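Source file query_16.txt; content: compact mmCIF, C-alpha atoms and all ligand atoms.
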```txt
# COMPACT_ATOMS: atom_id res chain seq x y z
CA MET A 7 23.62 25.81 -4.69
CA SER A 8 22.74 28.76 -6.81
CA THR A 9 22.03 28.22 -10.48
CA ARG A 10 21.87 30.56 -13.44
CA HIS A 11 18.17 31.11 -13.00
CA ASP A 12 17.47 31.29 -9.28
CA LEU A 13 13.76 30.97 -8.80
CA GLY A 14 11.45 33.11 -6.71
CA GLY A 15 7.79 33.88 -6.13
CA GLY A 16 7.59 35.85 -9.38
CA ASP A 17 8.23 32.76 -11.47
CA VAL A 18 5.75 30.32 -12.94
CA LEU A 19 6.34 26.99 -14.64
CA LEU A 20 3.86 26.41 -17.44
CA VAL A 21 3.61 22.70 -18.23
CA VAL A 22 2.00 22.37 -21.63
CA ASP A 23 -0.16 19.45 -22.78
CA VAL A 24 1.68 16.46 -21.29
CA GLN A 25 -1.21 14.20 -22.31
CA ILE A 26 -1.55 10.58 -23.34
CA ASP A 27 -2.40 11.42 -26.96
CA PHE A 28 0.88 13.35 -27.40
CA LEU A 29 3.00 10.56 -25.90
CA PRO A 30 4.25 7.42 -27.69
CA GLY A 31 1.27 5.27 -28.71
CA GLY A 32 -1.09 8.27 -28.59
CA ALA A 33 -3.28 9.61 -31.39
CA LEU A 34 -0.89 12.50 -32.15
CA ALA A 35 2.29 11.09 -30.68
CA VAL A 36 5.17 13.56 -30.51
CA PRO A 37 8.45 11.80 -31.37
CA ASP A 38 10.31 10.95 -28.14
CA GLY A 39 7.56 12.75 -26.23
CA ASP A 40 8.05 10.72 -23.07
CA ALA A 41 11.51 12.28 -22.71
CA VAL A 42 9.76 15.32 -21.20
CA LEU A 43 8.31 13.37 -18.26
CA ALA A 44 11.40 13.24 -16.03
CA PRO A 45 12.50 16.86 -16.50
CA ALA A 46 8.92 18.16 -16.26
CA GLN A 47 8.48 16.31 -12.99
CA SER A 48 11.74 17.70 -11.57
CA LEU A 49 10.91 21.21 -12.70
CA MET A 50 7.45 20.99 -11.13
CA ARG A 51 9.09 20.28 -7.78
CA ALA A 52 11.45 23.27 -8.17
CA PHE A 53 8.77 25.93 -8.75
CA ASP A 54 6.39 27.32 -6.13
CA GLN A 55 3.94 28.28 -8.84
CA VAL A 56 2.98 25.75 -11.49
CA ALA A 57 0.22 26.03 -14.10
CA LEU A 58 -0.79 23.13 -16.35
CA THR A 59 -2.52 23.14 -19.70
CA GLN A 60 -4.61 20.41 -21.26
CA ASP A 61 -5.66 20.29 -24.91
CA TRP A 62 -9.41 19.65 -24.59
CA HIS A 63 -11.31 19.37 -27.86
CA PRO A 64 -14.95 18.49 -28.46
CA ALA A 65 -15.66 15.78 -31.05
CA GLY A 66 -15.80 17.27 -34.55
CA HIS A 67 -13.28 19.99 -33.67
CA ALA A 68 -12.16 22.41 -36.41
CA SER A 69 -8.55 21.15 -36.12
CA PHE A 70 -9.47 17.53 -36.86
CA ALA A 71 -8.93 16.30 -40.43
CA SER A 72 -11.90 13.99 -39.85
CA SER A 73 -14.16 17.05 -39.68
CA TYR A 74 -13.69 17.76 -43.41
CA ALA A 75 -14.59 15.49 -46.33
CA GLY A 76 -11.45 14.36 -48.15
CA ALA A 77 -8.99 16.10 -45.81
CA ARG A 78 -5.85 14.42 -44.45
CA PRO A 79 -3.97 14.94 -41.20
CA PHE A 80 -1.00 17.36 -41.43
CA GLN A 81 -2.56 19.18 -44.36
CA ALA A 82 -3.14 22.92 -43.88
CA ILE A 83 -6.46 24.59 -44.69
CA SER A 84 -7.72 28.14 -44.50
CA LEU A 85 -10.25 28.98 -41.79
CA PRO A 86 -11.83 32.38 -40.98
CA TYR A 87 -9.08 33.07 -38.38
CA GLY A 88 -6.19 31.99 -40.63
CA GLU A 89 -4.28 28.89 -41.63
CA GLN A 90 -5.07 25.74 -39.69
CA VAL A 91 -2.99 22.57 -39.76
CA LEU A 92 -5.28 19.56 -39.58
CA TRP A 93 -4.54 16.81 -37.08
CA PRO A 94 -5.70 13.32 -36.34
CA ASP A 95 -8.51 13.37 -33.75
CA HIS A 96 -6.74 13.94 -30.43
CA CYS A 97 -7.41 15.00 -26.83
CA VAL A 98 -11.16 14.58 -27.17
CA GLN A 99 -12.83 15.80 -23.99
CA GLY A 100 -13.21 13.01 -21.47
CA SER A 101 -11.36 10.41 -23.56
CA PRO A 102 -8.41 8.41 -22.15
CA GLY A 103 -6.08 10.13 -24.64
CA ALA A 104 -6.94 13.54 -23.21
CA ARG A 105 -5.72 12.63 -19.72
CA LEU A 106 -2.56 14.15 -18.33
CA HIS A 107 0.21 11.62 -17.86
CA PRO A 108 0.12 10.32 -14.27
CA ARG A 109 3.64 11.65 -13.62
CA ILE A 110 2.24 15.17 -13.94
CA ASP A 111 1.25 15.87 -10.36
CA LEU A 112 -1.94 17.94 -10.36
CA ASP A 113 -1.50 18.62 -6.66
CA ARG A 114 1.49 20.86 -7.43
CA ALA A 115 -0.50 23.13 -9.74
CA PHE A 116 -2.59 26.19 -8.87
CA LEU A 117 -4.26 25.99 -12.27
CA LEU A 118 -5.27 23.48 -14.89
CA LEU A 119 -6.22 25.40 -18.01
CA ARG A 120 -8.21 23.48 -20.59
CA LYS A 121 -7.94 24.92 -24.07
CA GLY A 122 -9.28 24.30 -27.54
CA ALA A 123 -12.78 23.65 -26.22
CA ASN A 124 -14.46 25.89 -28.81
CA ARG A 125 -15.44 23.56 -31.66
CA HIS A 126 -14.79 26.19 -34.32
CA VAL A 127 -11.47 27.61 -33.14
CA ASP A 128 -8.15 25.98 -32.30
CA SER A 129 -6.01 27.20 -29.41
CA TYR A 130 -2.34 26.29 -29.37
CA SER A 131 -1.57 29.06 -26.91
CA ALA A 132 -2.51 28.97 -23.26
CA PHE A 133 -3.03 32.74 -23.44
CA GLY A 134 -5.42 33.07 -26.37
CA GLU A 135 -7.38 31.22 -29.00
CA ALA A 136 -6.50 31.34 -32.70
CA ASP A 137 -9.21 33.96 -33.32
CA GLY A 138 -7.53 36.28 -30.82
CA ARG A 139 -9.86 35.77 -27.86
CA ALA A 140 -7.90 35.83 -24.58
CA THR A 141 -8.14 32.99 -22.06
CA GLY A 142 -7.48 35.32 -19.10
CA LEU A 143 -4.21 33.57 -18.21
CA ALA A 144 -2.07 36.72 -18.53
CA GLU A 145 -4.29 38.57 -16.04
CA MET A 146 -4.26 35.63 -13.66
CA LEU A 147 -0.46 35.45 -13.72
CA ARG A 148 -0.17 39.22 -13.20
CA ALA A 149 -2.59 39.06 -10.28
CA ARG A 150 -0.27 36.49 -8.68
CA GLY A 151 2.76 38.75 -9.07
CA ILE A 152 4.37 36.66 -11.78
CA LYS A 153 7.08 38.29 -13.87
CA ARG A 154 8.80 35.33 -15.50
CA VAL A 155 7.25 32.41 -17.38
CA PHE A 156 9.18 29.16 -17.90
CA ALA A 157 7.51 26.82 -20.40
CA CYS A 158 8.00 23.11 -20.99
CA GLY A 159 5.99 20.19 -22.39
CA LEU A 160 4.50 19.29 -25.78
CA ALA A 161 4.90 20.21 -28.47
CA THR A 162 7.83 22.66 -28.75
CA ASP A 163 6.79 23.92 -32.18
CA TYR A 164 3.05 24.28 -31.50
CA CYS A 165 1.53 24.71 -28.08
CA VAL A 166 4.79 25.50 -26.25
CA ALA A 167 5.95 28.00 -28.90
CA PHE A 168 2.58 29.76 -29.24
CA SER A 169 2.24 29.99 -25.46
CA ALA A 170 5.80 31.35 -25.08
CA LEU A 171 5.26 33.94 -27.83
CA ASP A 172 2.04 35.11 -26.19
CA ALA A 173 3.66 35.20 -22.74
CA ARG A 174 6.40 37.42 -24.17
CA ALA A 175 3.84 39.61 -25.97
CA ALA A 176 1.99 40.00 -22.65
CA GLY A 177 5.19 41.42 -21.12
CA PHE A 178 6.56 38.45 -19.20
CA GLU A 179 10.22 37.54 -19.38
CA THR A 180 9.86 34.18 -21.08
CA PHE A 181 11.98 31.06 -21.20
CA VAL A 182 11.49 27.76 -23.00
CA VAL A 183 13.20 24.84 -21.29
CA GLU A 184 14.31 23.13 -24.48
CA ASP A 185 15.23 19.71 -23.10
CA ALA A 186 11.94 19.51 -21.21
CA CYS A 187 10.05 19.82 -24.53
CA ARG A 188 9.75 17.71 -27.66
CA ALA A 189 8.54 18.77 -31.11
CA ILE A 190 6.23 17.45 -33.81
CA ASP A 191 8.61 19.01 -36.38
CA ALA A 192 6.59 18.57 -39.57
CA ASP A 193 7.81 20.61 -42.59
CA GLY A 194 10.46 22.57 -40.70
CA SER A 195 8.00 23.74 -38.06
CA LEU A 196 10.55 23.43 -35.24
CA ALA A 197 13.19 25.66 -36.85
CA LYS A 198 10.46 28.16 -37.76
CA ALA A 199 9.15 28.19 -34.20
CA TRP A 200 12.60 28.81 -32.70
CA ALA A 201 13.27 31.61 -35.20
CA ARG A 202 10.03 33.32 -34.19
CA MET A 203 10.69 32.81 -30.50
CA GLU A 204 14.26 34.10 -30.70
CA ALA A 205 13.15 37.15 -32.71
CA ALA A 206 10.56 37.88 -30.02
CA GLY A 207 13.10 37.63 -27.19
CA VAL A 208 12.02 34.27 -25.79
CA LYS A 209 15.06 32.67 -24.16
CA ARG A 210 16.09 29.09 -24.81
CA ILE A 211 17.43 27.34 -21.72
CA GLN A 212 18.13 23.80 -20.48
CA ALA A 213 16.68 22.19 -17.37
CA ARG A 214 20.08 22.01 -15.64
CA GLU A 215 20.28 25.82 -15.68
CA ILE A 216 17.35 25.76 -13.26
CA LEU A 217 17.83 22.50 -11.42
CA GLY A 218 21.62 22.89 -11.01
C1 LIG A 301 -0.80 20.55 -30.04
C2 LIG A 301 -1.24 20.09 -32.24
C3 LIG A 301 -2.59 20.06 -31.98
C4 LIG A 301 0.23 20.80 -28.98
C5 LIG A 301 -2.14 20.53 -29.76
O1 LIG A 301 -0.07 20.57 -27.80
O2 LIG A 301 1.35 21.24 -29.33
N1 LIG A 301 -0.36 20.35 -31.28
N2 LIG A 301 -3.03 20.27 -30.73
ZN ZN A 302 -5.08 20.08 -30.30
```

Please re-express this file's structure in structure tokens.
Amino acid sequence: MSTRHDLGGGDVLLVVDVQIDFLPGGALAVPDGDAVLAPAQSLMRAFDQVALTQDWHPAGHASFASSYAGARPFQAISLPYGEQVLWPDHCVQGSPGARLHPRIDLDRAFLLLRKGANRHVDSYSAFGEADGRATGLAEMLRARGIKRVFACGLATDYCVAFSALDARAAGFETFVVEDACRAIDADGSLAKAWARMEAAGVKRIQAREILG
């Protein structure tokens, strides 16, 4: 049956940071984060082209509150590239918390992009680090003939939103599958993220509009 967003070879599903540390019980657990597992899994089966991201920080990362004397998680500080929210230590390279959830089937993905590996710079977006350095993802998607980016995963207001905004800025028609995402939503960050995405022309859709 045809759905509102019939998929083709020019479409990619970007599955953002569905990792143990962002799921219930994890170091930076996103409320209700495991609600993304079922829709993300179904979406991954519906797309021919799937790219995964994995938050992948070295110990002592610039986004960790523990890297600064007297700092607390969820506090914002100023770094050379701008404001940085500080987090509990999370997704440390090689740690169990950094692993993708086993329901995320790596075999369906052409790419697993690890981000945030520079100790001094955070990287919410799959397309570029906070200091503006590109990851090369936009070029890779263009080289594969991709025109539309559909994003899901964790967290709506951080890595999903920043990735969607950058996808749009790179010229892709961009969709966020709202019910296949969950948010951290600290200090109104979710409403702010949607306002920015809507202003940029990122479209908000639901999984059923794709899956039928
Ligand atoms: C994320 C905060 C810190 C995310 C990653 O995946 O949204 N949020 N690192
Ligand atoms: Zn992170």

As JSON, numbers by chain, please: every protein or nucleic acid residue near ligand LIG 301 (chain A) (cut-off 8 Å, counting only C-alpha atoms and all ligand atoms). {"A": [22, 23, 24, 28, 34, 60, 61, 69, 93, 96, 97, 128, 129, 130, 160, 161, 162, 163, 164, 165, 166, 189, 190]}

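Between CA of Ala104 (chain A) and CA of Val18 (chain A) there is a distance of 23.4 Å.
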
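Omitting Ala82 (chain A) and its sequence neighbours fewer than 4 positions away, and counting all atoms listed in the file, the residues within 8 Å are Glu89, Gln90, Val91 and Leu92 of chain A.
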
Point out the residue among A:Gly31, A:His11, A:Ala77, A:Ala65 with the least atom-to-atom distance to His126 (chain A), counting all atoms listed in the file. A:Ala65

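Between Val98 (chain A) and the candidates A:Glu215, A:Glu204, A:Asp27, A:Asp111, the tightest atom-to-atom separation, counting only C-alpha atoms, involves A:Asp27.
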
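If all atoms listed in the file are the atoms counted, then among A:Phe181, A:Phe70, A:Phe168, A:Phe80 the closest residue to Val127 (chain A) is A:Phe70.
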
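Counting from CA of Phe156 (chain A), the distance to CA of Glu179 (chain A) is 8.6 Å.
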
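Separating CA of Arg210 (chain A) from CA of Thr180 (chain A) is a distance of 8.9 Å.
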
Residues within 10 Å of (7.7, 22.9, -15.4), file coordinates, counting only C-alpha atoms: what are they? Give the list as a ChimeraX atom specification. /A:18-22,42-43,45-53,55-58,110,115,155-159,182-183,186-187,213

Name the closest residue to ligand ZN 302 (chain A) among the candidates A:Phe178, A:Trp62, A:Tyr87, A:Trp200; distances are taken between atoms, counting all atoms listed in the file. A:Trp62

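If only C-alpha atoms and all ligand atoms are the atoms counted, then among A:Arg114, A:Arg154, A:Lys121, A:Arg109 the closest residue to ligand ZN 302 (chain A) is A:Lys121.
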
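Of the residues under consideration (A:Asn124, A:Gly16, A:Gly39, A:Asp54), A:Asn124 shows the shortest atom-to-atom contact distance to ligand ZN 302 (chain A) when counting all atoms listed in the file.
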
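Taking only C-alpha atoms, the non-local environment of Ile216 (chain A) within 9 Å (same-chain residues fewer than 4 positions away omitted) comprises Ser8, Thr9, Arg10, His11, Asp12, Leu13, Leu49, Ala52, Ile211 and Gln212 of chain A.
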